[in-house]
Amino acid sequence: MTGLLDSLALLCTAAGLVAGITVLASSRDSLLALRTALELWVAAGLLRLAGPPSWSTLAAAAAVIVTRQLITQALRWSGPGG
Amino acid sequence: MRRGRPATGSVVCSFGTVPVVDSILSEELLSEIVDLLVRVVEAAGALIIFTGAVIGFVRFLILAVRRRTPAAFVTVRLDVGRFLTLGLEFQLAGDILRTAIAPTFREIGELAAIATIRTALNYFLRREIRDEREELSRDQQPASGP
């Protein structure tokens, strides 16, 4: 099951990248594009967590969430549109 | 004759101590059942998360192609966030089930730490969803003023 979960997580990571680039090209809004990509990258991190628990996967998922919080706050402070 | 306390999984009867409970539901069998349940619950959580991600991805692409407003993207992100928190709650349920078969304090301690981190992840995701929802409702309110 771990192999399948890793594959699904990889798919989500790729989907996040594609969605982020597409949204950026469409809306020219970097904050929106980054938030879109991070949403799917969080899904990837949580899928990796679904397997047997390990400290490294937990740390990775927590790092994505913390990074997401930090980037969102930083972009909010820098003004609308990023 | 006064009988002593029976050992775990044993029943004291007129024929002596018989491991009746062990013969019906041994610790190994219980451990296997709980392990199977944990796998089922975690697979359900993973399925929910992946389904949410796929639905979100398709909707993001459709919105991007149609060049909709940022508010439309926020709605999709809120929906994806709901899928993620639901999946995370299934994972927490799996952690709770695991505590039923964790035989040592060390394993229980590790499970507690992992469950704490998952709860924190769930909390931050829920907070983000709440903030996004407030932001969305603020944007949708008609501009008040003279």
# chains A, B, ... in the order shown; residues from 1 in each chain; ligands from 1

call {"tool": "select_by_dssp", "arguments": {"residues": "chain A", "states": "alpha helix (DSSP H)", "output": "JSON, numbers by chain"}}
result
{"A": [2, 3, 4, 5, 6, 7, 8, 9, 10, 11, 12, 13, 14, 15, 16, 17, 18, 19, 20, 21, 22, 23, 24, 25, 26, 27, 30, 31, 32, 33, 34, 35, 36, 37, 38, 39, 40, 41, 42, 43, 44, 45, 46, 47, 48, 49, 55, 56, 57, 58, 59, 60, 61, 62, 63, 64, 65, 66, 67, 68, 69, 70, 71, 72, 73, 74, 75, 76, 77]}

call {"tool": "residues_around", "arguments": {"residues": "Leu46 (chain A)", "least_positions_apart": "4", "cutoff": "7 Å", "atoms": "only C-alpha atoms", "output": "list in words"}}
result
Val42, Ala50 and Ala61 of chain A

call {"tool": "write_last_selection", "arguments": {"atoms": "C-alpha atoms", "output": "tab-separated table (two decimals), in the first residue's frame"}}
result
chain	number	residue	atom	x	y	z
A	42	VAL	CA	-0.74	19.54	1.28
A	50	ALA	CA	-1.69	7.70	5.36
A	61	ALA	CA	3.67	17.30	5.93

call {"tool": "residues_around", "arguments": {"residues": "Ile117 (chain B)", "least_positions_apart": "6", "cutoff": "12 Å", "atoms": "only C-alpha atoms", "output": "list in words"}}
result
Leu46, Leu49, Pro53, Ser54, Trp55, Thr57, Leu58, Ala59, Ala60, Ala61, Ala62, Ala63 and Ile65 of chain A; Leu88, Gln91, Leu92, Asp95, Glu110, Leu111, Tyr123 and Phe124 of chain B

call {"tool": "closest_atom_pairs", "arguments": {"of": "chain A", "to": "chain B", "cutoff": "7 Å", "atoms": "only C-alpha atoms", "output": "JSON lines"}}
result
{"residue": "A:Cys12", "atom": "CA", "partner": "B:Ala53", "partner_atom": "CA", "distance": 6.8}
{"residue": "A:Ala15", "atom": "CA", "partner": "B:Phe57", "partner_atom": "CA", "distance": 6.6}
{"residue": "A:Ala19", "atom": "CA", "partner": "B:Leu61", "partner_atom": "CA", "distance": 6.4}
{"residue": "A:Thr22", "atom": "CA", "partner": "B:Ala64", "partner_atom": "CA", "distance": 6.4}
{"residue": "A:Val23", "atom": "CA", "partner": "B:Ala64", "partner_atom": "CA", "distance": 5.3}
{"residue": "A:Ser26", "atom": "CA", "partner": "B:Ala64", "partner_atom": "CA", "distance": 5.5}
{"residue": "A:Ser27", "atom": "CA", "partner": "B:Arg67", "partner_atom": "CA", "distance": 6.7}
{"residue": "A:Glu39", "atom": "CA", "partner": "B:Arg77", "partner_atom": "CA", "distance": 7.0}
{"residue": "A:Leu40", "atom": "CA", "partner": "B:Ala53", "partner_atom": "CA", "distance": 6.0}
{"residue": "A:Ala43", "atom": "CA", "partner": "B:Ile49", "partner_atom": "CA", "distance": 6.2}
{"residue": "A:Leu47", "atom": "CA", "partner": "B:Ala46", "partner_atom": "CA", "distance": 5.6}
{"residue": "A:Ala50", "atom": "CA", "partner": "B:Glu42", "partner_atom": "CA", "distance": 5.7}
{"residue": "A:Ala62", "atom": "CA", "partner": "B:Leu121", "partner_atom": "CA", "distance": 6.8}

call {"tool": "atom_distance", "arguments": {"atom1": "CA of Asp79 (chain B)", "atom2": "CA of Asn122 (chain B)"}}
result
14.9 Å

call {"tool": "select_by_dssp", "arguments": {"residues": "chain B", "states": "strand (DSSP E)", "output": "number ranges by chain"}}
result
B: 11-13, 16-18

call {"tool": "write_last_selection", "arguments": {"atoms": "N, CA and C atoms", "output": "short mmCIF file (atom, residue, chain, number, x, y, z; two decimals), in the first residue's frame"}}
result
data_model
loop_
_atom_site.label_atom_id
_atom_site.label_comp_id
_atom_site.auth_asym_id
_atom_site.auth_seq_id
_atom_site.Cartn_x
_atom_site.Cartn_y
_atom_site.Cartn_z
N VAL B 11 -10.71 -18.35 32.41
CA VAL B 11 -11.90 -18.44 33.25
C VAL B 11 -11.69 -19.58 34.24
N VAL B 12 -11.98 -19.28 35.53
CA VAL B 12 -11.83 -20.32 36.54
C VAL B 12 -13.13 -21.12 36.62
N CYS B 13 -13.07 -22.41 36.42
CA CYS B 13 -14.25 -23.25 36.53
C CYS B 13 -13.92 -24.46 37.41
N GLY B 16 -10.71 -26.22 36.73
CA GLY B 16 -9.45 -25.50 36.85
C GLY B 16 -9.44 -24.30 35.92
N THR B 17 -8.26 -23.73 35.69
CA THR B 17 -8.13 -22.55 34.85
C THR B 17 -8.09 -22.95 33.37
N VAL B 18 -9.12 -22.46 32.62
CA VAL B 18 -9.20 -22.81 31.19
C VAL B 18 -9.14 -21.52 30.37
#

call {"tool": "residues_around", "arguments": {"residues": "Leu10 (chain A)", "least_positions_apart": "5", "cutoff": "10 Å", "atoms": "only C-alpha atoms", "output": "PyMOL selection string"}}
result
chain A and resi 4-5+15-16+41+44-45+47-48

call {"tool": "residues_around", "arguments": {"residues": "Arg35 (chain A)", "least_positions_apart": "2", "cutoff": "8 Å", "atoms": "only C-alpha atoms", "output": "list in words"}}
result
Gly20, Leu31, Leu32, Ala33, Ala37, Leu38, Glu39, Arg68 and Thr72 of chain A
